[in-house]
Amino acid sequence: MRNYVIKGNICYSRTSKELCIAENGYVVCKDGKSAGVYESLPRIYEALPCYNYENKLVIPGLVDLHVHAPQYPFRGLGMDLELIDWLNTHTFVEEARYADLDYAEKAYDIFTEDLRNSATTRACIFGTIHADATLLLMEKLEDAGLTAYVGKVNMDRNSPEYLCEKSAESSAEDTQKWILDSRRFRHVMPILTPRFTPSCTDELFEKLSGLQKRYRLPVQSHLSENLGEIAWVRELCPGTQFYGESYDRYGLFGSSCPAIMAHCVHSGEAEMELMRKRQVFVAHCPESNANLSSGAAPVKTYLERGIKTGLGTDIAAGSSLSVFRAMAMAIQCSKLRWRLHDQSVSPLTVEEVFYLATKGGGEFFGKAGSFEEGYEFDAVVMDDSAIRHPGKLSVRERLERLIYLADDRHIAAKFISGRVIFRER
Ligand code: GUN
Ligand code: FE
């Protein structure tokens with residue numbers, strides 16, 4: 001069914017400052033897109049079937065701009081190290097297991113099922129260097145009805161032998177074949193995924209740049225996450241003024257190559273300015289940044305400067321697949337940053353994190369993450385009746401509470417581009 005109405009308390013962002021609420025309102029889905037939010041239903045829509053979620057909250061689906069599917073099995077484990085040691089001790093060991101398709105099958109079943117049951121409707125996902133396992137992940141996501149970008153990871157240097165591609169050439173060849181193989185999916189799309197500058201040779205970046213132009217793919221990677229990492233990139237890339245240039249010199253940093261850069265915790269003025277100019281998306285991953293002691297990213301500044309920004313869970317440096325959790329942690333980290341670091345920049349507000357989790361990240365997918373007319377109809381229905389309260393709360397208060405208290409048990413229904421993912425489990 002492509003055309004229908006949802007009745008409920010409709011909440012969505014117009015801007016990072018403007019949260020719109022239609023209490024006991026209606027949002028109309030027409031051909032998979034929103035046909036607008038209404039206080040009372042226009043007569044032309046009266047004949048459409050109506051899902052009545054009268055006392056529940058209806059929000060745009062949440063967007064996870066940065067998550068590593070193969071790291072899901074060790075979430076919540078081994079968080080006693082900083083980035084590079086964490087990668088070498090825990091992450092690469094786990095990712096190497098995806099050479100085994102039986103293991104990948106089991107692990108990606110669990111990841112996909114949990115993602116489907118979450119409030120996330122769209123995600124940008126890292127796989128591993130293994131093309132077959134990555135295609136398996138894409139197939140599972142497609143079958144679950146989810147919309148996603150998924151990347152086969154590239155890494156041909158500074159990686160353990162058991163997780164290092166043989167050469168730039170073989171990495172690029174495998175990537176090209178994987179791009180062509182992934183054409184069979186409708187809602188799951190390929191995205192180029194050089195892991196980060198330390199793990200990719202110049203030759204590999206050059207070849208990925210060629211593939212980017214040929215197939216017009218977006219790119220996702222990591223940027224300025226950790227101080228040791230940044231110092232290492234400075235050594236590896238003489239002639240660059242800042243980390244972002246290591247991607248930009250190959251045309252992999254926005255403009256005609258849509259790009260998501262995870263973290264940007266320690267980006268300086270010049271890097272920020274280039275991100276703004278090139279419309280690079282920042283994936284802010286507050287839980288990861290706390291767990292790996294990376295720092296607190298200047299997200300409020302990104303918003304104020306018009307840098308495109310969304311939220312990421314960054315499993316398994318982040319422990320939770322919940323974008324609600326990322327919203328709460330974004331506020332909390334911004335408060336610590338304000339208190340300890342820079343009192344000229346105020347903490348993030350509820351309006352701002354709700355925007356980041358919906359329309360901010362959704363923009364990477366085009367018109368997604370809002371109920372404004374013409375947006376993809378991605379909706380999640382939240383039933384907060386089990387989060388008991390002795391009195392009566394406003395819809396705005398109920399939404400605020402969900403940011404801190406929601407879990408998957410409170411999700412009553414989920415829709416993506418009008419497709420029903422589930423209703424009333
Ligand atoms: N930088 C390079 N690889 C990774 C990764 O897997 N996780 C995080 N958080 N940062 C990275
Ligand atoms: Fe990451």
# chains A, B, ... in the order shown; residues from 1 in each chain; ligands from 1

$ closest_atom_pairs --of "stretch 81-104 of chain A" --to "stretch 222-241 of chain A" --cutoff "10 Å" --atoms "only C-alpha atoms" --output "Markdown table"
| residue | atom | partner | partner_atom | distance |
| --- | --- | --- | --- | --- |
| A:Glu82 | CA | A:Asn226 | CA | 8.0 |
| A:Leu83 | CA | A:Asn226 | CA | 6.7 |
| A:Ile84 | CA | A:Glu229 | CA | 7.1 |

$ write_last_selection --atoms "all heavy atoms" --output "PDB file, in the first residue's frame"
ATOM      1  N   GLU A  82      42.919   3.652  23.272  1.00  0.00           N
ATOM      2  CA  GLU A  82      42.642   4.711  22.297  1.00  0.00           C
ATOM      3  C   GLU A  82      42.635   4.114  20.883  1.00  0.00           C
ATOM      4  O   GLU A  82      43.023   2.967  20.672  1.00  0.00           O
ATOM      5  CB  GLU A  82      43.683   5.820  22.425  1.00  0.00           C
ATOM      6  CG  GLU A  82      43.434   6.692  23.641  1.00  0.00           C
ATOM      7  CD  GLU A  82      44.277   7.960  23.626  1.00  0.00           C
ATOM      8  OE1 GLU A  82      44.237   8.682  22.611  1.00  0.00           O
ATOM      9  OE2 GLU A  82      44.978   8.209  24.620  1.00  0.00           O
ATOM     10  N   LEU A  83      42.230   4.952  19.932  1.00  0.00           N
ATOM     11  CA  LEU A  83      41.913   4.485  18.579  1.00  0.00           C
ATOM     12  C   LEU A  83      42.874   3.450  17.979  1.00  0.00           C
ATOM     13  O   LEU A  83      42.453   2.341  17.660  1.00  0.00           O
ATOM     14  CB  LEU A  83      41.778   5.693  17.633  1.00  0.00           C
ATOM     15  CG  LEU A  83      41.557   5.322  16.158  1.00  0.00           C
ATOM     16  CD1 LEU A  83      40.246   4.596  15.962  1.00  0.00           C
ATOM     17  CD2 LEU A  83      41.605   6.564  15.279  1.00  0.00           C
ATOM     18  N   ILE A  84      44.142   3.827  17.779  1.00  0.00           N
ATOM     19  CA  ILE A  84      45.021   2.952  16.992  1.00  0.00           C
ATOM     20  C   ILE A  84      45.263   1.616  17.707  1.00  0.00           C
ATOM     21  O   ILE A  84      45.220   0.549  17.082  1.00  0.00           O
ATOM     22  CB  ILE A  84      46.361   3.669  16.664  1.00  0.00           C
ATOM     23  CG1 ILE A  84      46.088   5.012  15.934  1.00  0.00           C
ATOM     24  CG2 ILE A  84      47.270   2.763  15.832  1.00  0.00           C
ATOM     25  CD1 ILE A  84      45.371   4.913  14.601  1.00  0.00           C
TER      26      ILE A  84
END

$ select_by_dssp --residues "stretch 185-344 of chain A" --states "alpha helix (DSSP H)" --output "MDAnalysis selection string"
chainID A and resid 202:215 227:236 245:248 269:278 286:291 299:304 323:340

$ residues_near_ligand --ligand "ligand 2" --cutoff "8 Å" --atoms "only C-alpha atoms and all ligand atoms" --output "PyMOL selection string"
chain A and resi 66-68+126+221-222+262-263+314-315+317

$ closest_residue --among "A:Thr128, A:Thr134, A:Ser344, A:Ser267" --to "ligand 1" --atoms "only C-alpha atoms and all ligand atoms"
A:Thr128

$ atom_distance --atom1 "atom CA of A:Ser334" --atom2 "atom CA of A:His410"
26.5 Å

$ residues_around --residues "stretch 23-40 of chain A" --least-positions-apart "2" --cutoff "7 Å" --atoms "only C-alpha atoms" --output "list in words"
Arg2, Asn3, Tyr4, Val5, Ile6, Lys7, Gly8, Asn9, Ile10, Ile21, Pro42, Glu54, Phe371, Glu372, Glu373, Gly374, Tyr375, Glu376, Phe377, Ser417 and Gly418 of chain A

$ write_last_selection --atoms "N, CA, C and O atoms" --output "PDB file, in the first residue's frame"
ATOM      1  N   ARG A   2       0.739   2.090  -0.990  1.00  0.00           N
ATOM      2  CA  ARG A   2       1.628   3.233  -1.118  1.00  0.00           C
ATOM      3  C   ARG A   2       1.006   4.528  -0.609  1.00  0.00           C
ATOM      4  O   ARG A   2       1.715   5.452  -0.265  1.00  0.00           O
ATOM      5  N   ASN A   3      -0.339   4.582  -0.595  1.00  0.00           N
ATOM      6  CA  ASN A   3      -0.987   5.828  -0.171  1.00  0.00           C
ATOM      7  C   ASN A   3      -1.825   5.588   1.083  1.00  0.00           C
ATOM      8  O   ASN A   3      -2.704   4.722   1.095  1.00  0.00           O
ATOM      9  N   TYR A   4      -1.534   6.335   2.123  1.00  0.00           N
ATOM     10  CA  TYR A   4      -2.267   6.171   3.369  1.00  0.00           C
ATOM     11  C   TYR A   4      -2.018   7.381   4.264  1.00  0.00           C
ATOM     12  O   TYR A   4      -1.180   8.248   3.958  1.00  0.00           O
ATOM     13  N   VAL A   5      -2.736   7.386   5.364  1.00  0.00           N
ATOM     14  CA  VAL A   5      -2.620   8.484   6.321  1.00  0.00           C
ATOM     15  C   VAL A   5      -2.188   7.894   7.664  1.00  0.00           C
ATOM     16  O   VAL A   5      -2.610   6.794   8.012  1.00  0.00           O
ATOM     17  N   ILE A   6      -1.348   8.603   8.372  1.00  0.00           N
ATOM     18  CA  ILE A   6      -1.057   8.229   9.767  1.00  0.00           C
ATOM     19  C   ILE A   6      -1.581   9.340  10.660  1.00  0.00           C
ATOM     20  O   ILE A   6      -1.299  10.526  10.437  1.00  0.00           O
ATOM     21  N   LYS A   7      -2.361   8.912  11.662  1.00  0.00           N
ATOM     22  CA  LYS A   7      -2.897   9.873  12.633  1.00  0.00           C
ATOM     23  C   LYS A   7      -2.140   9.696  13.944  1.00  0.00           C
ATOM     24  O   LYS A   7      -1.874   8.580  14.375  1.00  0.00           O
ATOM     25  N   GLY A   8      -1.749  10.810  14.553  1.00  0.00           N
ATOM     26  CA  GLY A   8      -1.028  10.738  15.830  1.00  0.00           C
ATOM     27  C   GLY A   8      -0.448  12.094  16.184  1.00  0.00           C
ATOM     28  O   GLY A   8      -0.847  13.114  15.610  1.00  0.00           O
ATOM     29  N   ASN A   9       0.486  12.090  17.127  1.00  0.00           N
ATOM     30  CA  ASN A   9       1.175  13.342  17.479  1.00  0.00           C
ATOM     31  C   ASN A   9       2.428  13.432  16.613  1.00  0.00           C
ATOM     32  O   ASN A   9       3.425  12.759  16.873  1.00  0.00           O
ATOM     33  N   ILE A  10       2.358  14.258  15.583  1.00  0.00           N
ATOM     34  CA  ILE A  10       3.406  14.278  14.552  1.00  0.00           C
ATOM     35  C   ILE A  10       4.495  15.282  14.951  1.00  0.00           C
ATOM     36  O   ILE A  10       4.187  16.458  15.196  1.00  0.00           O
ATOM     37  N   ILE A  21       5.311  20.452  15.774  1.00  0.00           N
ATOM     38  CA  ILE A  21       4.474  19.418  16.395  1.00  0.00           C
ATOM     39  C   ILE A  21       3.020  19.632  15.979  1.00  0.00           C
ATOM     40  O   ILE A  21       2.492  20.734  16.123  1.00  0.00           O
ATOM     41  N   PRO A  42      -7.370  17.090   5.140  1.00  0.00           N
ATOM     42  CA  PRO A  42      -8.059  17.660   3.976  1.00  0.00           C
ATOM     43  C   PRO A  42      -8.985  16.625   3.325  1.00  0.00           C
ATOM     44  O   PRO A  42      -8.681  15.431   3.330  1.00  0.00           O
ATOM     45  N   GLU A  54      -3.385   7.267  17.555  1.00  0.00           N
ATOM     46  CA  GLU A  54      -3.934   8.430  18.228  1.00  0.00           C
ATOM     47  C   GLU A  54      -3.081   8.985  19.384  1.00  0.00           C
ATOM     48  O   GLU A  54      -2.766  10.153  19.422  1.00  0.00           O
ATOM     49  N   PHE A 371       8.993  15.466   7.677  1.00  0.00           N
ATOM     50  CA  PHE A 371       7.676  15.205   7.089  1.00  0.00           C
ATOM     51  C   PHE A 371       7.219  16.350   6.202  1.00  0.00           C
ATOM     52  O   PHE A 371       6.063  16.391   5.765  1.00  0.00           O
ATOM     53  N   GLU A 372       8.117  17.291   5.926  1.00  0.00           N
ATOM     54  CA  GLU A 372       7.723  18.360   5.010  1.00  0.00           C
ATOM     55  C   GLU A 372       7.357  17.733   3.669  1.00  0.00           C
ATOM     56  O   GLU A 372       7.892  16.687   3.293  1.00  0.00           O
ATOM     57  N   GLU A 373       6.488  18.405   2.957  1.00  0.00           N
ATOM     58  CA  GLU A 373       5.975  17.854   1.704  1.00  0.00           C
ATOM     59  C   GLU A 373       7.120  17.506   0.746  1.00  0.00           C
ATOM     60  O   GLU A 373       8.055  18.286   0.585  1.00  0.00           O
ATOM     61  N   GLY A 374       7.033  16.318   0.149  1.00  0.00           N
ATOM     62  CA  GLY A 374       8.024  15.908  -0.834  1.00  0.00           C
ATOM     63  C   GLY A 374       9.149  15.071  -0.243  1.00  0.00           C
ATOM     64  O   GLY A 374       9.942  14.480  -0.980  1.00  0.00           O
ATOM     65  N   TYR A 375       9.212  15.002   1.078  1.00  0.00           N
ATOM     66  CA  TYR A 375      10.250  14.184   1.709  1.00  0.00           C
ATOM     67  C   TYR A 375       9.892  12.697   1.646  1.00  0.00           C
ATOM     68  O   TYR A 375       8.710  12.336   1.628  1.00  0.00           O
ATOM     69  N   GLU A 376      10.920  11.846   1.596  1.00  0.00           N
ATOM     70  CA  GLU A 376      10.702  10.399   1.660  1.00  0.00           C
ATOM     71  C   GLU A 376       9.859  10.093   2.893  1.00  0.00           C
ATOM     72  O   GLU A 376      10.133  10.630   3.978  1.00  0.00           O
ATOM     73  N   PHE A 377       8.884   9.198   2.735  1.00  0.00           N
ATOM     74  CA  PHE A 377       8.021   8.912   3.875  1.00  0.00           C
ATOM     75  C   PHE A 377       8.665   7.850   4.764  1.00  0.00           C
ATOM     76  O   PHE A 377       8.400   6.655   4.656  1.00  0.00           O
ATOM     77  N   SER A 417      10.244   5.068   3.043  1.00  0.00           N
ATOM     78  CA  SER A 417       9.742   5.457   1.719  1.00  0.00           C
ATOM     79  C   SER A 417       8.344   4.873   1.484  1.00  0.00           C
ATOM     80  O   SER A 417       8.042   4.388   0.385  1.00  0.00           O
ATOM     81  N   GLY A 418       7.546   4.888   2.524  1.00  0.00           N
ATOM     82  CA  GLY A 418       6.174   4.397   2.426  1.00  0.00           C
ATOM     83  C   GLY A 418       6.034   2.899   2.645  1.00  0.00           C
ATOM     84  O   GLY A 418       4.932   2.407   2.886  1.00  0.00           O
TER      85      GLY A 418
END

$ select_by_dssp --residues "stretch 145-348 of chain A" --states "strand (DSSP E)" --output "PyMOL selection string"
chain A and resi 147-151+153-154+188-190+193-194+219-223+259-263+281-284+309-311

$ atom_distance --atom1 "atom CA of A:Glu304" --atom2 "atom CA of A:Met327"
17.8 Å

$ closest_residue --among "A:Gly61, A:Gly318, A:Pro49, A:Gly151" --to "ligand 1" --atoms "only C-alpha atoms and all ligand atoms"
A:Gly318

$ residues_around --residues "A:Leu252" --least-positions-apart "2" --cutoff "12 Å" --atoms "only C-alpha atoms" --output "MDAnalysis selection string"
chainID A and resid 191:194 196:197 205:213 216:221 244:250 254:261 275 278:280

$ residues_around --residues "A:Met382" --least-positions-apart "4" --cutoff "8 Å" --atoms "only C-alpha atoms" --output "ChimeraX atom specification"
/A:56-59,410-413

$ closest_residue --among "A:Leu321, A:Leu62, A:Leu292, A:Leu303" --to "A:Asp114" --atoms "only C-alpha atoms"
A:Leu321

$ atom_distance --atom1 "atom CA of A:Glu169" --atom2 "atom CA of A:Tyr108"
27.9 Å

$ closest_residue --among "A:Ser394, A:Ser199, A:Ser16, A:Ser319" --to "ligand 1" --atoms "only C-alpha atoms and all ligand atoms"
A:Ser199

$ closest_residue --among "A:Tyr72, A:Tyr45, A:Phe242, A:Tyr53" --to "ligand 1" --atoms "only C-alpha atoms and all ligand atoms"
A:Tyr72

$ closest_residue --among "A:Lys335, A:Pro60, A:Asp85, A:Val353" --to "A:His284" --atoms "only C-alpha atoms"
A:Val353
